[in-house]
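Engineer: To be precise about what I am sending: the file is called structure-v6.txt and holds compact mmCIF, C-alpha atoms.
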# COMPACT_ATOMS: atom_id res chain seq x y z
CA MET A 1 -26.79 -16.95 -28.97
CA SER A 2 -25.83 -14.48 -26.23
CA LEU A 3 -26.57 -15.21 -22.59
CA ALA A 4 -29.11 -12.36 -22.56
CA ARG A 5 -30.86 -13.92 -25.57
CA GLU A 6 -30.82 -17.36 -23.93
CA ASN A 7 -32.32 -15.95 -20.73
CA PHE A 8 -34.97 -14.10 -22.73
CA ALA A 9 -35.84 -17.30 -24.62
CA GLN A 10 -36.17 -19.17 -21.35
CA GLU A 11 -38.38 -16.48 -19.82
CA VAL A 12 -40.81 -16.29 -22.75
CA SER A 13 -41.04 -20.08 -22.93
CA LEU A 14 -42.86 -20.07 -19.60
CA ALA A 15 -46.64 -20.13 -19.29
CA ASP A 16 -47.87 -16.58 -19.82
CA GLN A 17 -48.90 -15.97 -16.20
CA GLU A 18 -45.44 -17.04 -15.01
CA ILE A 19 -43.46 -14.63 -17.19
CA ASP A 20 -41.70 -11.89 -15.25
CA LEU A 21 -42.18 -8.85 -17.49
CA ALA A 22 -39.46 -6.79 -15.84
CA LYS A 23 -36.89 -9.57 -16.21
CA ALA A 24 -37.84 -10.21 -19.83
CA ALA A 25 -37.60 -6.49 -20.62
CA LEU A 26 -34.21 -6.27 -18.91
CA TYR A 27 -32.94 -9.23 -20.94
CA ILE A 28 -33.92 -7.25 -24.05
CA ALA A 29 -31.92 -4.29 -22.73
CA GLN A 30 -29.01 -6.54 -21.75
CA GLU A 31 -28.34 -7.37 -25.40
CA GLU A 32 -27.68 -3.68 -25.94
CA THR A 33 -25.79 -3.28 -22.63
CA PRO A 34 -24.15 -6.62 -21.73
CA THR A 35 -22.85 -5.28 -18.39
CA LEU A 36 -26.41 -4.52 -17.23
CA ASN A 37 -27.08 -5.99 -13.77
CA LEU A 38 -30.70 -7.13 -13.54
CA GLU A 39 -30.74 -7.15 -9.74
CA THR A 40 -29.92 -3.44 -9.62
CA TYR A 41 -33.08 -2.54 -11.54
CA LEU A 42 -35.33 -5.15 -9.94
CA GLY A 43 -34.19 -3.87 -6.55
CA GLN A 44 -34.99 -0.31 -7.63
CA LEU A 45 -38.53 -1.37 -8.53
CA ASP A 46 -38.82 -2.99 -5.09
CA GLN A 47 -37.68 0.25 -3.46
CA TRP A 48 -40.15 2.38 -5.40
CA ALA A 49 -42.94 -0.03 -4.43
CA GLN A 50 -41.94 0.37 -0.78
CA GLN A 51 -42.25 4.14 -1.16
CA VAL A 52 -45.79 3.68 -2.48
CA GLN A 53 -46.59 1.19 0.28
CA GLY A 54 -45.71 3.83 2.85
CA LEU A 55 -48.36 6.16 1.42
CA LEU A 56 -51.23 3.68 1.17
CA PRO A 57 -54.24 4.22 3.43
CA GLN A 58 -55.81 1.35 5.36
CA GLU A 59 -58.75 1.26 2.93
CA ARG A 60 -57.12 0.54 -0.42
CA TYR A 61 -59.67 1.95 -2.83
CA PRO A 62 -58.43 1.65 -6.43
CA LEU A 63 -58.40 5.39 -7.16
CA ARG A 64 -56.54 6.06 -3.90
CA VAL A 65 -53.93 3.40 -4.74
CA ILE A 66 -53.47 4.93 -8.20
CA GLN A 67 -53.08 8.35 -6.61
CA CYS A 68 -50.31 6.99 -4.34
CA ILE A 69 -48.46 5.33 -7.24
CA ASN A 70 -48.75 8.57 -9.22
CA GLN A 71 -47.37 10.58 -6.34
CA VAL A 72 -44.23 8.45 -6.15
CA LEU A 73 -43.60 7.93 -9.87
CA TYR A 74 -44.48 11.36 -11.19
CA GLU A 75 -44.21 13.83 -8.31
CA GLU A 76 -41.34 12.35 -6.31
CA LEU A 77 -39.34 10.51 -8.99
CA GLY A 78 -40.22 12.80 -11.90
CA PHE A 79 -41.20 10.28 -14.55
CA LEU A 80 -42.68 11.78 -17.72
CA GLY A 81 -43.47 10.82 -21.28
CA ASN A 82 -40.70 11.55 -23.75
CA GLU A 83 -42.51 13.77 -26.23
CA GLU A 84 -39.33 15.57 -27.36
CA ASP A 85 -37.57 12.45 -28.70
CA TYR A 86 -40.29 9.81 -28.88
CA TYR A 87 -38.36 7.57 -31.32
CA ASP A 88 -35.12 7.44 -29.35
CA PRO A 89 -34.35 3.69 -29.00
CA ARG A 90 -33.50 4.26 -25.34
CA ASN A 91 -37.21 4.79 -24.68
CA SER A 92 -37.69 1.06 -25.34
CA PHE A 93 -35.07 -0.21 -22.86
CA LEU A 94 -36.32 -0.60 -19.30
CA ASN A 95 -32.97 0.24 -17.68
CA GLU A 96 -32.72 3.49 -19.67
CA VAL A 97 -36.32 4.39 -18.86
CA MET A 98 -35.71 3.84 -15.15
CA GLU A 99 -32.45 5.81 -15.15
CA ARG A 100 -33.62 8.70 -17.33
CA ARG A 101 -37.16 8.72 -15.86
CA THR A 102 -38.69 9.04 -19.32
CA GLY A 103 -39.99 6.73 -22.02
CA ILE A 104 -42.84 5.85 -24.33
CA PRO A 105 -46.31 4.69 -23.23
CA ILE A 106 -45.53 0.97 -23.11
CA THR A 107 -42.27 1.21 -21.16
CA LEU A 108 -43.71 3.70 -18.68
CA ALA A 109 -46.69 1.35 -18.38
CA LEU A 110 -44.23 -1.46 -17.58
CA VAL A 111 -42.67 0.51 -14.71
CA TYR A 112 -46.18 1.27 -13.43
CA LEU A 113 -47.33 -2.35 -13.71
CA GLU A 114 -44.26 -3.65 -11.91
CA VAL A 115 -44.61 -1.19 -9.02
CA ALA A 116 -48.35 -1.99 -8.77
CA ARG A 117 -47.65 -5.73 -8.76
CA ARG A 118 -45.23 -5.33 -5.88
CA ILE A 119 -47.88 -3.67 -3.70
CA GLU A 120 -50.37 -6.42 -4.62
CA PHE A 121 -52.45 -4.16 -6.84
CA PRO A 122 -52.38 -6.18 -10.06
CA MET A 123 -52.85 -4.30 -13.30
CA VAL A 124 -52.85 -5.33 -16.95
CA GLY A 125 -51.74 -3.76 -20.20
CA ILE A 126 -54.30 -2.43 -22.68
CA GLY A 127 -53.11 -2.44 -26.27
CA MET A 128 -55.21 0.41 -27.59
CA PRO A 129 -54.30 1.36 -31.19
CA GLY A 130 -51.66 4.07 -31.26
CA HIS A 131 -51.35 4.33 -27.49
CA PHE A 132 -50.74 1.93 -24.62
CA LEU A 133 -52.78 2.08 -21.40
CA ILE A 134 -53.15 -0.01 -18.26
CA ARG A 135 -56.02 -0.79 -15.93
CA PRO A 136 -56.61 -2.53 -12.59
CA GLU A 137 -57.02 -6.27 -13.05
CA PHE A 138 -60.46 -6.80 -11.63
CA LYS A 139 -63.78 -7.30 -13.30
CA ASP A 140 -65.58 -4.21 -14.60
CA ALA A 141 -62.86 -1.86 -13.33
CA GLY A 142 -64.13 0.79 -15.75
CA ILE A 143 -61.03 2.96 -15.31
CA PHE A 144 -57.78 3.15 -17.25
CA VAL A 145 -54.43 4.74 -16.47
CA ASP A 146 -52.26 6.60 -18.99
CA ALA A 147 -48.70 6.13 -17.73
CA PHE A 148 -47.36 8.41 -20.48
CA HIS A 149 -49.44 11.32 -19.20
CA LYS A 150 -48.47 11.21 -15.52
CA GLY A 151 -50.89 8.44 -14.57
CA GLU A 152 -53.98 10.27 -15.76
CA VAL A 153 -57.13 8.28 -14.99
CA LEU A 154 -59.36 7.75 -18.01
CA PHE A 155 -62.88 6.45 -18.48
CA PRO A 156 -63.92 4.78 -21.76
CA GLU A 157 -65.18 8.06 -23.24
CA ASP A 158 -61.77 9.61 -22.45
CA CYS A 159 -60.08 6.73 -24.24
CA GLU A 160 -62.15 7.46 -27.31
CA GLN A 161 -61.15 11.11 -27.12
CA ARG A 162 -57.48 10.12 -26.85
CA LEU A 163 -57.83 7.91 -29.93
CA GLN A 164 -59.27 10.82 -31.89
CA GLU A 165 -56.40 13.06 -30.76
CA ILE A 166 -53.82 10.47 -31.86
CA PHE A 167 -55.34 9.83 -35.29
CA ALA A 168 -56.56 13.41 -35.78
CA GLN A 169 -59.97 12.25 -36.99
CA PRO A 170 -63.19 10.78 -35.57
CA VAL A 171 -62.60 7.23 -34.34
CA ALA A 172 -65.28 5.04 -32.79
CA LEU A 173 -64.09 3.18 -29.71
CA GLU A 174 -64.50 -0.57 -30.22
CA ASP A 175 -64.60 -3.00 -27.30
CA GLN A 176 -61.53 -4.83 -28.60
CA PHE A 177 -59.46 -1.65 -28.32
CA LEU A 178 -59.69 -1.87 -24.53
CA GLU A 179 -59.01 -5.57 -24.14
CA ALA A 180 -56.12 -6.68 -21.93
CA VAL A 181 -53.01 -8.05 -23.63
CA SER A 182 -51.10 -11.12 -22.53
CA LYS A 183 -47.55 -10.77 -21.25
CA LYS A 184 -46.22 -12.24 -24.49
CA GLU A 185 -48.28 -9.73 -26.48
CA PHE A 186 -46.95 -6.95 -24.23
CA LEU A 187 -43.33 -7.93 -24.96
CA ALA A 188 -44.06 -8.34 -28.66
CA ARG A 189 -45.49 -4.83 -28.83
CA MET A 190 -42.40 -3.45 -27.09
CA LEU A 191 -40.15 -5.23 -29.55
CA THR A 192 -42.24 -4.21 -32.56
CA ASN A 193 -41.80 -0.56 -31.57
CA LEU A 194 -38.05 -1.09 -31.38
CA LYS A 195 -37.97 -2.96 -34.70
CA LEU A 196 -39.70 -0.06 -36.50
CA ILE A 197 -37.31 2.46 -34.95
CA TYR A 198 -34.28 0.50 -36.15
CA ILE A 199 -35.71 -0.04 -39.63
CA ASN A 200 -36.42 3.69 -39.95
CA LYS A 201 -32.84 4.39 -38.89
CA GLN A 202 -31.58 1.75 -41.36
CA ASP A 203 -29.92 -0.09 -38.46
CA LEU A 204 -30.65 -3.42 -40.10
CA GLU A 205 -28.55 -5.67 -37.88
CA ARG A 206 -30.28 -4.43 -34.74
CA ALA A 207 -33.66 -4.73 -36.47
CA LEU A 208 -32.82 -8.33 -37.34
CA ALA A 209 -31.89 -9.05 -33.71
CA VAL A 210 -35.26 -7.68 -32.62
CA ILE A 211 -37.11 -9.91 -35.09
CA GLU A 212 -35.20 -12.94 -33.77
CA ARG A 213 -36.59 -12.18 -30.31
CA LEU A 214 -40.09 -11.64 -31.66
CA LEU A 215 -39.88 -15.11 -33.19
CA LEU A 216 -38.83 -16.53 -29.83
CA ILE A 217 -42.14 -15.26 -28.46
CA PHE A 218 -44.30 -16.20 -31.45
CA PRO A 219 -42.38 -18.72 -33.63
CA ASP A 220 -45.19 -18.88 -36.19
CA ALA A 221 -45.43 -15.11 -36.75
CA ILE A 222 -45.38 -15.26 -40.54
CA THR A 223 -44.92 -11.52 -41.12
CA GLU A 224 -41.83 -11.58 -38.89
CA GLN A 225 -40.43 -14.47 -40.95
CA ARG A 226 -41.07 -12.41 -44.07
CA ASP A 227 -39.37 -9.35 -42.60
CA ARG A 228 -36.45 -11.45 -41.39
CA GLY A 229 -36.05 -12.78 -44.94
CA LEU A 230 -36.04 -9.26 -46.38
CA LEU A 231 -33.44 -8.14 -43.84
CA HIS A 232 -31.29 -11.19 -44.54
CA TYR A 233 -31.40 -10.23 -48.22
CA GLN A 234 -30.46 -6.61 -47.53
CA LEU A 235 -27.60 -7.79 -45.31
CA GLY A 236 -26.28 -10.12 -48.01
CA ASP A 237 -27.39 -13.44 -46.48
CA THR A 238 -29.01 -14.95 -49.57
CA GLN A 239 -29.51 -18.41 -48.07
CA GLY A 240 -31.23 -17.03 -44.99
CA ALA A 241 -33.41 -14.81 -47.17
CA ILE A 242 -34.49 -17.70 -49.42
CA ALA A 243 -35.34 -19.95 -46.46
CA ASP A 244 -37.52 -17.34 -44.76
CA LEU A 245 -39.23 -16.10 -47.90
CA LYS A 246 -39.99 -19.66 -49.01
CA THR A 247 -41.69 -20.24 -45.65
CA TYR A 248 -43.64 -17.00 -46.07
CA ILE A 249 -44.78 -17.84 -49.65
CA ALA A 250 -45.73 -21.40 -48.66
CA HIS A 251 -48.00 -20.00 -45.97
CA TYR A 252 -50.13 -18.37 -48.67
What does this structure look like when you write it as structure tokens?
Structural biologist:
Amino acid sequence: MSLARENFAQEVSLADQEIDLAKAALYIAQEETPTLNLETYLGQLDQWAQQVQGLLPQERYPLRVIQCINQVLYEELGFLGNEEDYYDPRNSFLNEVMERRTGIPITLALVYLEVARRIEFPMVGIGMPGHFLIRPEFKDAGIFVDAFHKGEVLFPEDCEQRLQEIFAQPVALEDQFLEAVSKKEFLARMLTNLKLIYINKQDLERALAVIERLLLIFPDAITEQRDRGLLHYQLGDTQGAIADLKTYIAHY
């Protein structure tokens, strides 16, 4: 197991509230880029948070705080959603997203969350189907932020409209669509995106490495054990395939 994988395993073994999302995401990226220096990117997030801090008014109303974060991330730093090459694997690596100032909804949400956390404006991820959002972490906030669309502020009816745009058909907004995800669920969704990209590209070894990390987060994820077995088979590891697929069949 690589050092990056070991560090990731250690991070996700912590109680959910103690997991450092930025560190965990950078450990994911470090497997792809072993020379990656975590402190460089964590320090960059600190610096961006300081830029936001300098804009904050004395009365920190949520919408005003969001406006200040948006000003730094989107107007000054030029972050934007990568609509031209949405399935580029680089969109799933935090270091690449920070350097290139572009990514997919969940990685842009991660940058936003980490900057907000550093100015003591806690936010949480919202795992809406087909699109990832964030919202302030206080009761009945009633507002959501779309990090992919330059920090656009959405109300529940806007979220429903976004769902309908994504699926190109009428979709009723269910309460569960706007529930906050845990940090482990956040990381699992990031990795699942990356897994699907690699499978579609037929990069089976990288897809297998992603599944191994998913199973570090959720060891009992039976569908991941099934998929790992299928990848083992395709990669010629018959023993590994049999072990995983036996586990999967026994579950049912």
Engineer: Pick from A:Glu39, A:Asp88, A:Glu6, A:Glu185: nearest to Gly125 of chain A, with all atoms listed in the file counted?
Structural biologist: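 The shortest atom-to-atom distance to Gly125 of chain A comes from A:Glu185.
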Engineer: Pull the closest atom pair for each residue of segment 28-73 of chain A that gets at most 10 Å from segment 191-213 of chain A, along with the distance in Å to one decimal, counting all atoms listed in the file, ordering rows by chain and then ascending residue number, as CSV.
Structural biologist:
residue,atom,partner,partner_atom,distance
A:Ile28,CA,A:Arg213,CA,8.4
A:Glu31,CA,A:Ala209,CA,9.2
A:Glu32,CA,A:Arg206,CA,9.2
Engineer: Convert the current residue selection to file output with C-alpha atoms, as a compact mmCIF listing (two decimals), in the frame of the given file.
Structural biologist:
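Wrote it out as part_9.txt, contents follow:
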# COMPACT_ATOMS: atom_id res chain seq x y z
CA ILE A 28 -33.92 -7.25 -24.05
CA GLU A 31 -28.34 -7.37 -25.40
CA GLU A 32 -27.68 -3.68 -25.94
Engineer: Please provide as a PyMOL selection string all residues within 9 Å of segment 45-57 of chain A, with the sequence filter that same-chain residues fewer than 2 positions apart are discarded (counting all atoms listed in the file).
Structural biologist: chain A and resi 40-43+59-61+64-65+68-73+77+98+111+114-119
Engineer: For segment 221-224 of chain A, take all atoms listed in the file, fit an axis-aligned box around them, add 8 Å to each of the six sides, then output centre and edge lengths in Å rounded to one decimal, as AutoDock Vina command-line options.
Structural biologist:
--center_x -43.6 --center_y -13.4 --center_z -38.9 --size_x 19.6 --size_y 19.7 --size_z 20.4
Engineer: Env of segment 134-147 of chain A: 7 Å cut, atoms = all atoms listed in the file, seq-sep filter 6 positions within chain, self excluded. Answer as a PyMOL selection string.
Structural biologist: chain A and resi 105+108-109+112+122-126+153-155
Engineer: Considering all atoms listed in the file, return as a list of chain:residue names whatever protein or nucleic-acid residues lie within 10 Å of Lys183 of chain A, sequence-local ones (same chain, fewer than 2 positions apart) excluded.
Structural biologist: A:Val12, A:Ala15, A:Asp16, A:Gln17, A:Glu18, A:Ile19, A:Asp20, A:Leu21, A:Ala24, A:Val124, A:Gly125, A:Ala180, A:Val181, A:Glu185, A:Phe186, A:Leu187, A:Ala188, A:Arg189
Engineer: Using all atoms listed in the file, which of A:Asn7, A:Asn91, A:Thr247, A:Gln164 sits nearest Phe148 of chain A?
Structural biologist: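 Nearest to Phe148 of chain A: A:Asn91.
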Engineer: Using atom CA of His131 of chain A and atom CA of Phe93 of chain A as the two end points, give the distance in Å to one decimal.
Structural biologist: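 Interatomic distance here is 17.5 Å.
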Engineer: Neighbouring residues of segment 221-231 of chain A were defined as those with any atom within 7 Å, considering all atoms listed in the file; residues of the same chain fewer than 4 positions away were excluded. Please report them as a ChimeraX atom specification.
Structural biologist: /A:204,208,211,215,235,240-242,244-245,248
